[in-house]
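For reference, the structure discussed in these notes is given below.
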Amino acid sequence: MITRFAPSPTGPLHLGHAYSALLAHDMARAAGGTFLLRMDDIDRVRSKPEFEQQAIDDLRWLGLDWPEPILRQSRSEPRFRAALDRLSDMGLTYPCSCSRRDIETAAGAPQEGAPTHGPDGRIYPGTCRHRPMQDRRPDDAIRLNMARALEAAQPLPAFTETGPAHAGTHRLDADDMIQTVGDVVVARKGGGIAYHLSVVVDDHGQNITDVVRGLDLFDATRIHTLLFHLLGYPIPRFHHHRLIRDENGKRLAKRDDARAIAKYRAEGATPDDIRRMVGL
Ligand code: GLU
């Protein structure tokens with residue numbers, strides 16, 4: 001078993017991160033496997049070296065260890081390009097120049113009961129879907145043509161979930177993917193790789209067998225399963241864990257500095273206190 005904890009170094013780690021990291025670490029250790037730390041620093045603007053160092057210090061303090069060197073996604077650029085080219089060569093991508101506002105306007109008033117948002121935000125209305133890749137301008141994003149991707153992926157794959165909330169096998173459903181996910185972004189305006197493709201490429205590159213992360217990402221797992229399959233990568237198992245919430249039942253956010261691990265440390269908490277606080 002190989003698990004990973006893959007924070008984006010865009011803020012301090014809080015109790016939710018501690019839970020995710022401890023769980024991934026404990027699962028690997030219980031199975032005699034390996035726990036990896038990865039820095040998901042593809043957001044060049046918001047990722048900061050000081051957040052990365054703080055995260056490493058916090059995780060070490062919690063008692064976690066991992067093989068060095070850690071992988072930084074910012075170093076994976078050539079592998080991301082290769083994966084993107086592969087999807088493009090299969091005819092599954094197109095360039096998109098739509099702004100958020102363009103998308104809102106084109107999407108118009110939704111049919112009653114039809115979903116408007118999926119795991120990638122606003123479901124894309126398809127304005128640029130006819131554009132060929134050769135037409136790509138530097139500030140275009142690149143989207144996956146979901147209908148074509150699903151055709152190319154037949155027979156559709158399934159993923160295995162080992163987390164408590166959705167344990168079992170989940171086979172992708174084409175109609176559902178078209179209606180509730182749509183044409184997701186695989187490269188952002190300006191050329192940077194987008195989240196869904198970057199995690200798939202690096203989880204494969206690191207031979208992750210069990211992706212352990214919060215339930216907030218469960219819906220995105222359908223997209224990742226499709227990408228793993230299209231790229232010819234084996235599909236890992238997934239374990240989506242409960243989310244740590246504040247006293248009002250609200251999920252902790254990155255900017256929730258009040259529950260930063262660093263703050264509890266400064267106040268004299270021990271790693272065992274943190275384990276207890278997150279219910280481990
Ligand atoms: N880097 C992502 C985040 O911090 C998590 C990636 C993943 O677990 O798939 O939200």
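Just remember, in the structure tokens the first chain shown is A, the second B, etc., residues are 1-based per chain, and ligands are 1-based in the order shown.
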Can you pull out every residue from range 80-164 of chain A that DSSP, working from the backbone, puts in alpha helix (DSSP H), and format the result as a tab-separated table (two decimals) with N, CA and C atoms, in the first residue's frame?
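Here's the written file states-v4.tsv:
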```
chain	number	residue	atom	x	y	z
A	80	PHE	N	3.13	16.39	-17.02
A	80	PHE	CA	1.80	16.96	-17.25
A	80	PHE	C	1.60	17.23	-18.75
A	81	ARG	N	2.64	17.81	-19.36
A	81	ARG	CA	2.54	18.12	-20.81
A	81	ARG	C	2.29	16.84	-21.59
A	82	ALA	N	3.03	15.79	-21.25
A	82	ALA	CA	2.90	14.53	-22.00
A	82	ALA	C	1.48	13.98	-21.87
A	83	ALA	N	0.91	14.07	-20.67
A	83	ALA	CA	-0.45	13.55	-20.46
A	83	ALA	C	-1.46	14.38	-21.26
A	84	LEU	N	-1.25	15.69	-21.23
A	84	LEU	CA	-2.16	16.58	-21.96
A	84	LEU	C	-2.07	16.30	-23.46
A	85	ASP	N	-0.85	16.12	-23.96
A	85	ASP	CA	-0.67	15.83	-25.39
A	85	ASP	C	-1.37	14.52	-25.76
A	86	ARG	N	-1.29	13.57	-24.84
A	86	ARG	CA	-1.91	12.28	-25.13
A	86	ARG	C	-3.43	12.44	-25.28
A	87	LEU	N	-4.04	13.19	-24.38
A	87	LEU	CA	-5.49	13.41	-24.47
A	87	LEU	C	-5.82	14.19	-25.75
A	88	SER	N	-4.96	15.15	-26.09
A	88	SER	CA	-5.20	15.95	-27.29
A	88	SER	C	-5.05	15.10	-28.54
A	89	ASP	N	-4.02	14.23	-28.55
A	89	ASP	CA	-3.82	13.35	-29.71
A	89	ASP	C	-5.01	12.41	-29.90
A	100	ARG	N	-15.46	33.56	-16.87
A	100	ARG	CA	-16.55	33.14	-15.99
A	100	ARG	C	-17.87	33.77	-16.41
A	101	ARG	N	-17.78	35.06	-16.73
A	101	ARG	CA	-19.00	35.77	-17.10
A	101	ARG	C	-19.59	35.22	-18.40
A	102	ASP	N	-18.72	34.93	-19.38
A	102	ASP	CA	-19.21	34.32	-20.64
A	102	ASP	C	-19.99	33.04	-20.33
A	103	ILE	N	-19.43	32.26	-19.40
A	103	ILE	CA	-20.05	30.96	-19.09
A	103	ILE	C	-21.42	31.17	-18.44
A	104	GLU	N	-21.46	32.10	-17.49
A	104	GLU	CA	-22.73	32.39	-16.82
A	104	GLU	C	-23.79	32.83	-17.85
A	105	THR	N	-23.38	33.70	-18.75
A	105	THR	CA	-24.33	34.24	-19.73
A	105	THR	C	-24.81	33.13	-20.67
A	106	ALA	N	-23.84	32.35	-21.18
A	106	ALA	CA	-24.21	31.30	-22.14
A	106	ALA	C	-25.05	30.21	-21.47
A	107	ALA	N	-24.78	29.95	-20.19
A	107	ALA	CA	-25.51	28.88	-19.51
A	107	ALA	C	-26.98	29.26	-19.36
A	146	MET	N	-16.19	16.00	-22.75
A	146	MET	CA	-16.65	14.89	-21.90
A	146	MET	C	-17.36	13.80	-22.71
A	147	ALA	N	-18.19	14.20	-23.65
A	147	ALA	CA	-18.94	13.18	-24.41
A	147	ALA	C	-17.96	12.29	-25.20
A	148	ARG	N	-17.00	12.93	-25.84
A	148	ARG	CA	-16.01	12.15	-26.61
A	148	ARG	C	-15.14	11.30	-25.69
A	149	ALA	N	-14.76	11.90	-24.57
A	149	ALA	CA	-13.89	11.17	-23.63
A	149	ALA	C	-14.60	9.90	-23.15
A	150	LEU	N	-15.91	10.03	-22.89
A	150	LEU	CA	-16.68	8.87	-22.40
A	150	LEU	C	-16.79	7.80	-23.50
A	151	GLU	N	-16.91	8.25	-24.75
A	151	GLU	CA	-16.94	7.27	-25.85
A	151	GLU	C	-15.61	6.54	-25.94
A	152	ALA	N	-14.52	7.33	-25.84
A	152	ALA	CA	-13.18	6.72	-25.96
A	152	ALA	C	-12.89	5.79	-24.79
```
With only C-alpha atoms and all ligand atoms counted, collect every polymer residue having an atom within 6 Å of ligand 1; state the result as number ranges by chain.
A: 6-8, 40, 199, 213
Strand (DSSP E) call set, DSSP backbone run, range 40-275 of chain A, as a VMD selection string:
chain A and resid 71 to 72 93 to 96 117 to 118 121 to 122 141 to 144 158 to 161 168 to 171 185 to 187 210 to 214 237 to 241
Would you save the residues of that selection, restricted to N, CA, C and O atoms, as a compact mmCIF listing (two decimals), in the first residue's frame?
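Full text of selection-v7.txt as output:
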```txt
# COMPACT_ATOMS: atom_id res chain seq x y z
N LEU A 71 7.90 15.05 -3.47
CA LEU A 71 7.61 15.51 -4.84
C LEU A 71 6.88 16.84 -4.77
O LEU A 71 5.95 17.00 -3.98
N ARG A 72 7.35 17.78 -5.55
CA ARG A 72 6.63 19.05 -5.70
C ARG A 72 6.00 19.04 -7.08
O ARG A 72 6.70 18.82 -8.08
N THR A 93 -9.71 16.99 -26.53
CA THR A 93 -9.59 18.30 -25.89
C THR A 93 -9.90 19.42 -26.88
O THR A 93 -9.85 19.22 -28.09
N TYR A 94 -10.17 20.57 -26.33
CA TYR A 94 -10.34 21.77 -27.18
C TYR A 94 -9.98 23.02 -26.39
O TYR A 94 -10.07 23.02 -25.16
N PRO A 95 -9.55 24.07 -27.10
CA PRO A 95 -9.20 25.31 -26.42
C PRO A 95 -10.45 26.12 -26.08
O PRO A 95 -11.43 26.07 -26.83
N CYS A 96 -10.40 26.85 -25.00
CA CYS A 96 -11.59 27.59 -24.54
C CYS A 96 -11.17 28.97 -24.06
O CYS A 96 -10.27 29.11 -23.23
N HIS A 117 -24.03 23.24 -11.23
CA HIS A 117 -22.63 23.17 -10.83
C HIS A 117 -22.23 21.72 -10.58
O HIS A 117 -23.02 20.93 -10.06
N GLY A 118 -21.00 21.41 -10.97
CA GLY A 118 -20.45 20.08 -10.71
C GLY A 118 -19.16 20.22 -9.94
O GLY A 118 -18.84 21.31 -9.46
N GLY A 121 -17.02 23.19 -10.82
CA GLY A 121 -17.68 24.50 -10.87
C GLY A 121 -18.86 24.48 -11.83
O GLY A 121 -19.47 23.45 -12.08
N ARG A 122 -19.15 25.64 -12.40
CA ARG A 122 -20.25 25.81 -13.34
C ARG A 122 -20.14 24.77 -14.48
O ARG A 122 -19.07 24.62 -15.06
N ALA A 141 -7.81 28.38 -22.05
CA ALA A 141 -7.76 27.17 -21.21
C ALA A 141 -7.95 25.97 -22.15
O ALA A 141 -8.26 26.15 -23.33
N ILE A 142 -7.73 24.75 -21.64
CA ILE A 142 -8.03 23.56 -22.43
C ILE A 142 -9.04 22.74 -21.65
O ILE A 142 -8.90 22.52 -20.44
N ARG A 143 -10.10 22.32 -22.35
CA ARG A 143 -11.14 21.52 -21.73
C ARG A 143 -11.17 20.12 -22.31
O ARG A 143 -10.78 19.89 -23.47
N LEU A 144 -11.66 19.19 -21.50
CA LEU A 144 -11.89 17.83 -21.95
C LEU A 144 -13.29 17.76 -22.55
O LEU A 144 -14.26 18.21 -21.91
N ALA A 158 -14.68 1.51 -13.37
CA ALA A 158 -15.25 1.70 -12.03
C ALA A 158 -14.10 2.01 -11.08
O ALA A 158 -12.95 1.71 -11.37
N PHE A 159 -14.42 2.63 -9.96
CA PHE A 159 -13.40 2.77 -8.91
C PHE A 159 -13.92 2.14 -7.62
O PHE A 159 -15.13 2.03 -7.41
N THR A 160 -12.99 1.73 -6.79
CA THR A 160 -13.34 1.11 -5.52
C THR A 160 -13.12 2.11 -4.41
O THR A 160 -12.05 2.71 -4.30
N GLU A 161 -14.16 2.31 -3.63
CA GLU A 161 -14.11 3.23 -2.50
C GLU A 161 -14.05 2.42 -1.22
O GLU A 161 -14.87 1.51 -1.02
N GLY A 168 -17.66 0.69 -1.55
CA GLY A 168 -18.15 -0.18 -2.62
C GLY A 168 -17.53 0.17 -3.95
O GLY A 168 -16.56 0.92 -4.03
N THR A 169 -18.13 -0.39 -5.00
CA THR A 169 -17.62 -0.17 -6.36
C THR A 169 -18.53 0.82 -7.06
O THR A 169 -19.75 0.70 -7.00
N HIS A 170 -17.95 1.79 -7.71
CA HIS A 170 -18.73 2.83 -8.40
C HIS A 170 -18.36 2.86 -9.87
O HIS A 170 -17.26 3.29 -10.21
N ARG A 171 -19.27 2.39 -10.72
CA ARG A 171 -18.99 2.42 -12.16
C ARG A 171 -19.43 3.78 -12.72
O ARG A 171 -20.46 4.31 -12.33
N VAL A 185 -11.96 21.55 -17.09
CA VAL A 185 -10.71 22.19 -17.52
C VAL A 185 -9.54 21.26 -17.17
O VAL A 185 -9.43 20.79 -16.04
N VAL A 186 -8.68 20.99 -18.17
CA VAL A 186 -7.48 20.18 -17.89
C VAL A 186 -6.20 21.03 -17.91
O VAL A 186 -5.18 20.62 -17.38
N ALA A 187 -6.25 22.20 -18.55
CA ALA A 187 -5.14 23.16 -18.43
C ALA A 187 -5.77 24.54 -18.33
O ALA A 187 -6.75 24.84 -19.00
N ASP A 210 -3.64 3.84 -2.79
CA ASP A 210 -4.83 4.25 -2.04
C ASP A 210 -4.81 5.76 -1.85
O ASP A 210 -3.97 6.28 -1.10
N VAL A 211 -5.71 6.43 -2.54
CA VAL A 211 -5.81 7.88 -2.43
C VAL A 211 -6.71 8.19 -1.23
O VAL A 211 -7.90 7.88 -1.25
N VAL A 212 -6.11 8.75 -0.18
CA VAL A 212 -6.85 9.06 1.06
C VAL A 212 -7.06 10.57 1.10
O VAL A 212 -6.09 11.33 1.04
N ARG A 213 -8.31 11.00 1.18
CA ARG A 213 -8.59 12.44 1.20
C ARG A 213 -10.02 12.67 1.67
O ARG A 213 -10.78 11.73 1.88
N GLY A 214 -10.40 13.94 1.80
CA GLY A 214 -11.68 14.28 2.38
C GLY A 214 -12.86 14.01 1.46
O GLY A 214 -12.73 13.97 0.24
N ARG A 237 -7.28 2.59 -5.46
CA ARG A 237 -8.45 2.60 -4.58
C ARG A 237 -8.56 4.01 -3.99
O ARG A 237 -7.57 4.73 -3.90
N PHE A 238 -9.76 4.37 -3.58
CA PHE A 238 -9.98 5.68 -2.96
C PHE A 238 -10.57 5.49 -1.57
O PHE A 238 -11.35 4.56 -1.34
N HIS A 239 -10.19 6.38 -0.68
CA HIS A 239 -10.74 6.37 0.68
C HIS A 239 -11.05 7.82 1.04
O HIS A 239 -10.13 8.62 1.29
N HIS A 240 -12.33 8.17 0.98
CA HIS A 240 -12.73 9.54 1.32
C HIS A 240 -13.22 9.55 2.76
O HIS A 240 -14.16 8.84 3.10
N HIS A 241 -12.56 10.35 3.57
CA HIS A 241 -12.88 10.35 5.01
C HIS A 241 -13.81 11.51 5.37
O HIS A 241 -13.94 12.48 4.62
```
Would you pick out the contacts of Asp26 in chain A at 12 Å or less, using only C-alpha atoms, so that residues sharing its chain but fewer than 2 positions from it are not included, and give the list as number ranges by chain?
A: 1-5, 18-24, 28-36, 62-65, 212, 275, 280
With only C-alpha atoms as the basis for distance, which of A:Val181, A:Leu37, A:Ile244, A:Ala167 is at the shortest distance from Asn145 in chain A?
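Looking only at the distances to Asn145 in chain A, the closest residue turns out to be A:Val181.
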Rank A:His229, A:Asp43, A:Pro9, A:Asn248 by their smallest atom-to-atom distance to Ser198 in chain A, using only C-alpha atoms, and report the top residue only.
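So, comparing all the options, the nearest one is A:Asp43.
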Can you tell me, as a ChimeraX atom specification, what residues are no more than 8 Å from His196 in chain A when counting only C-alpha atoms, ignoring any on the same chain fewer than 6 positions away?
/A:186,220,223-224
Tell me, in Å to one decimal, how far CA of Phe228 in chain A is from CA of Gln206 in chain A.
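So the two atoms, CA of Phe228 in chain A and CA of Gln206 in chain A, lie 13.3 Å apart.
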Suppose you want the space between CA of His130 in chain A and CA of Val200 in chain A; what is it in Å?
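That distance, rounded to one decimal, is 26.2 Å.
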Which residues are near Ile42 in chain A? Cut-off 9 Å, only C-alpha atoms, ignore same chain within fewer than 4 positions. Put them as a CSV table (one decimal) with all heavy atoms, in the first residue's frame.
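In the end it all went to out-v2.csv:
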```csv
chain,number,residue,atom,x,y,z
A,8,SER,N,-1.9,21.7,-0.6
A,8,SER,CA,-1.5,22.8,-1.4
A,8,SER,C,-0.9,23.8,-0.4
A,8,SER,O,-1.6,24.2,0.5
A,8,SER,CB,-2.7,23.4,-2.1
A,8,SER,OG,-3.4,22.4,-2.8
A,46,ARG,N,-0.4,31.5,-5.3
A,46,ARG,CA,-0.8,31.3,-3.9
A,46,ARG,C,0.1,30.4,-3.1
A,46,ARG,O,0.1,30.4,-1.9
A,46,ARG,CB,-2.3,30.9,-3.8
A,46,ARG,CG,-3.3,32.0,-4.2
A,46,ARG,CD,-4.7,31.5,-4.5
A,46,ARG,NE,-5.3,30.9,-3.3
A,46,ARG,CZ,-5.9,29.7,-3.3
A,46,ARG,NH1,-5.9,29.0,-4.4
A,46,ARG,NH2,-6.4,29.2,-2.2
A,47,SER,N,0.9,29.6,-3.8
A,47,SER,CA,1.8,28.7,-3.1
A,47,SER,C,3.0,29.5,-2.6
A,47,SER,O,3.6,30.2,-3.3
A,47,SER,CB,2.3,27.6,-4.0
A,47,SER,OG,1.2,26.7,-4.4
A,72,ARG,N,7.4,17.8,-5.6
A,72,ARG,CA,6.6,19.1,-5.7
A,72,ARG,C,6.0,19.0,-7.1
A,72,ARG,O,6.7,18.8,-8.1
A,72,ARG,CB,7.6,20.2,-5.6
A,72,ARG,CG,8.1,20.4,-4.2
A,72,ARG,CD,9.0,21.6,-4.0
A,72,ARG,NE,9.4,21.6,-2.5
A,72,ARG,CZ,10.3,20.8,-2.0
A,72,ARG,NH1,11.0,19.9,-2.7
A,72,ARG,NH2,10.5,20.9,-0.7
A,73,GLN,N,4.7,19.3,-7.1
A,73,GLN,CA,4.0,19.2,-8.4
A,73,GLN,C,4.6,20.2,-9.4
A,73,GLN,O,4.5,20.0,-10.6
A,73,GLN,CB,2.5,19.5,-8.3
A,73,GLN,CG,1.8,18.3,-7.6
A,73,GLN,CD,0.3,18.3,-8.0
A,73,GLN,OE1,-0.4,19.3,-7.8
A,73,GLN,NE2,-0.1,17.1,-8.5
A,74,SER,N,5.1,21.3,-8.9
A,74,SER,CA,5.7,22.3,-9.9
A,74,SER,C,6.9,21.7,-10.7
A,74,SER,O,7.2,22.2,-11.7
A,74,SER,CB,6.2,23.5,-9.1
A,74,SER,OG,7.0,23.1,-8.0
A,192,GLY,N,-0.9,26.7,-17.3
A,192,GLY,CA,-0.7,25.8,-16.1
A,192,GLY,C,-1.7,24.6,-16.1
A,192,GLY,O,-2.8,24.7,-16.6
A,193,ILE,N,-1.2,23.5,-15.6
A,193,ILE,CA,-2.0,22.3,-15.6
A,193,ILE,C,-3.1,22.5,-14.6
A,193,ILE,O,-2.9,23.2,-13.6
A,193,ILE,CB,-1.2,21.1,-15.3
A,193,ILE,CG1,-1.8,19.8,-15.8
A,193,ILE,CG2,-0.9,20.9,-13.8
A,193,ILE,CD1,-1.6,19.7,-17.3
A,194,ALA,N,-4.3,21.9,-14.8
A,194,ALA,CA,-5.4,22.1,-13.8
A,194,ALA,C,-5.4,20.9,-12.8
A,194,ALA,O,-4.8,19.8,-13.1
A,194,ALA,CB,-6.7,22.1,-14.6
A,195,TYR,N,-6.1,21.1,-11.7
A,195,TYR,CA,-6.0,20.2,-10.6
A,195,TYR,C,-6.3,18.7,-11.0
A,195,TYR,O,-5.5,17.8,-10.6
A,195,TYR,CB,-7.1,20.6,-9.5
A,195,TYR,CG,-7.5,19.6,-8.6
A,195,TYR,CD1,-6.5,19.1,-7.6
A,195,TYR,CD2,-8.7,19.0,-8.6
A,195,TYR,CE1,-6.9,18.0,-6.8
A,195,TYR,CE2,-9.1,17.9,-7.8
A,195,TYR,CZ,-8.2,17.5,-6.8
A,195,TYR,OH,-8.5,16.5,-6.0
A,198,SER,N,-3.5,17.1,-12.9
A,198,SER,CA,-2.2,17.1,-12.1
A,198,SER,C,-2.2,16.0,-11.1
A,198,SER,O,-1.2,15.3,-10.9
A,198,SER,CB,-1.9,18.4,-11.5
A,198,SER,OG,-2.8,18.7,-10.4
```
Can you pull out every residue within 10 Å of Pro49 in chain A, counting only C-alpha atoms, but drop anything in the same chain fewer than 6 positions away, and send it as a list in words?
Pro9, Thr10, Asp41 and Ala55 of chain A
Writing out the chosen residues with all heavy atoms as a PDB file, in the first residue's frame:
```pdb
ATOM      1  N   PRO A   9       0.359  24.208  -0.599  1.00  0.00           N
ATOM      2  CA  PRO A   9       0.973  25.111   0.393  1.00  0.00           C
ATOM      3  C   PRO A   9       0.524  26.559   0.207  1.00  0.00           C
ATOM      4  O   PRO A   9       1.310  27.438  -0.108  1.00  0.00           O
ATOM      5  CB  PRO A   9       2.473  24.927   0.156  1.00  0.00           C
ATOM      6  CG  PRO A   9       2.590  24.518  -1.278  1.00  0.00           C
ATOM      7  CD  PRO A   9       1.323  23.778  -1.631  1.00  0.00           C
ATOM      8  N   THR A  10      -0.783  26.755   0.394  1.00  0.00           N
ATOM      9  CA  THR A  10      -1.355  28.086   0.189  1.00  0.00           C
ATOM     10  C   THR A  10      -1.901  28.658   1.495  1.00  0.00           C
ATOM     11  O   THR A  10      -2.616  29.653   1.485  1.00  0.00           O
ATOM     12  CB  THR A  10      -2.495  28.035  -0.850  1.00  0.00           C
ATOM     13  OG1 THR A  10      -3.462  27.070  -0.398  1.00  0.00           O
ATOM     14  CG2 THR A  10      -1.998  27.606  -2.217  1.00  0.00           C
ATOM     15  N   ASP A  41       1.793  22.219  -5.404  1.00  0.00           N
ATOM     16  CA  ASP A  41       2.083  23.663  -5.503  1.00  0.00           C
ATOM     17  C   ASP A  41       1.922  24.180  -6.935  1.00  0.00           C
ATOM     18  O   ASP A  41       2.728  24.975  -7.406  1.00  0.00           O
ATOM     19  CB  ASP A  41       3.509  23.939  -4.993  1.00  0.00           C
ATOM     20  CG  ASP A  41       4.558  23.145  -5.765  1.00  0.00           C
ATOM     21  OD1 ASP A  41       4.173  22.253  -6.566  1.00  0.00           O
ATOM     22  OD2 ASP A  41       5.750  23.393  -5.577  1.00  0.00           O
ATOM     23  N   ALA A  55       4.195  23.421   6.910  1.00  0.00           N
ATOM     24  CA  ALA A  55       3.484  22.144   6.786  1.00  0.00           C
ATOM     25  C   ALA A  55       4.412  20.984   7.142  1.00  0.00           C
ATOM     26  O   ALA A  55       4.038  20.071   7.897  1.00  0.00           O
ATOM     27  CB  ALA A  55       2.949  21.977   5.361  1.00  0.00           C
TER      28      ALA A  55
END
```
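Distance check against Ser99 in chain A using only C-alpha atoms: of A:Asp246, A:Asp139, A:Asp176, A:Asp257, the minimum falls on A:Asp139.
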Just how far from CA of Gly191 in chain A is CA of Leu13 in chain A, in Å to one decimal?
27.9 Å
Residue nearest Gly190 in chain A among A:Pro138, A:Gly249, A:Pro164, A:Pro155 (counting only C-alpha atoms)
A:Pro138
Using only C-alpha atoms, the residue out of A:Gln134, A:Asp183, A:Leu15, A:Val45 with shortest distance to Gly279 in chain A is A:Leu15
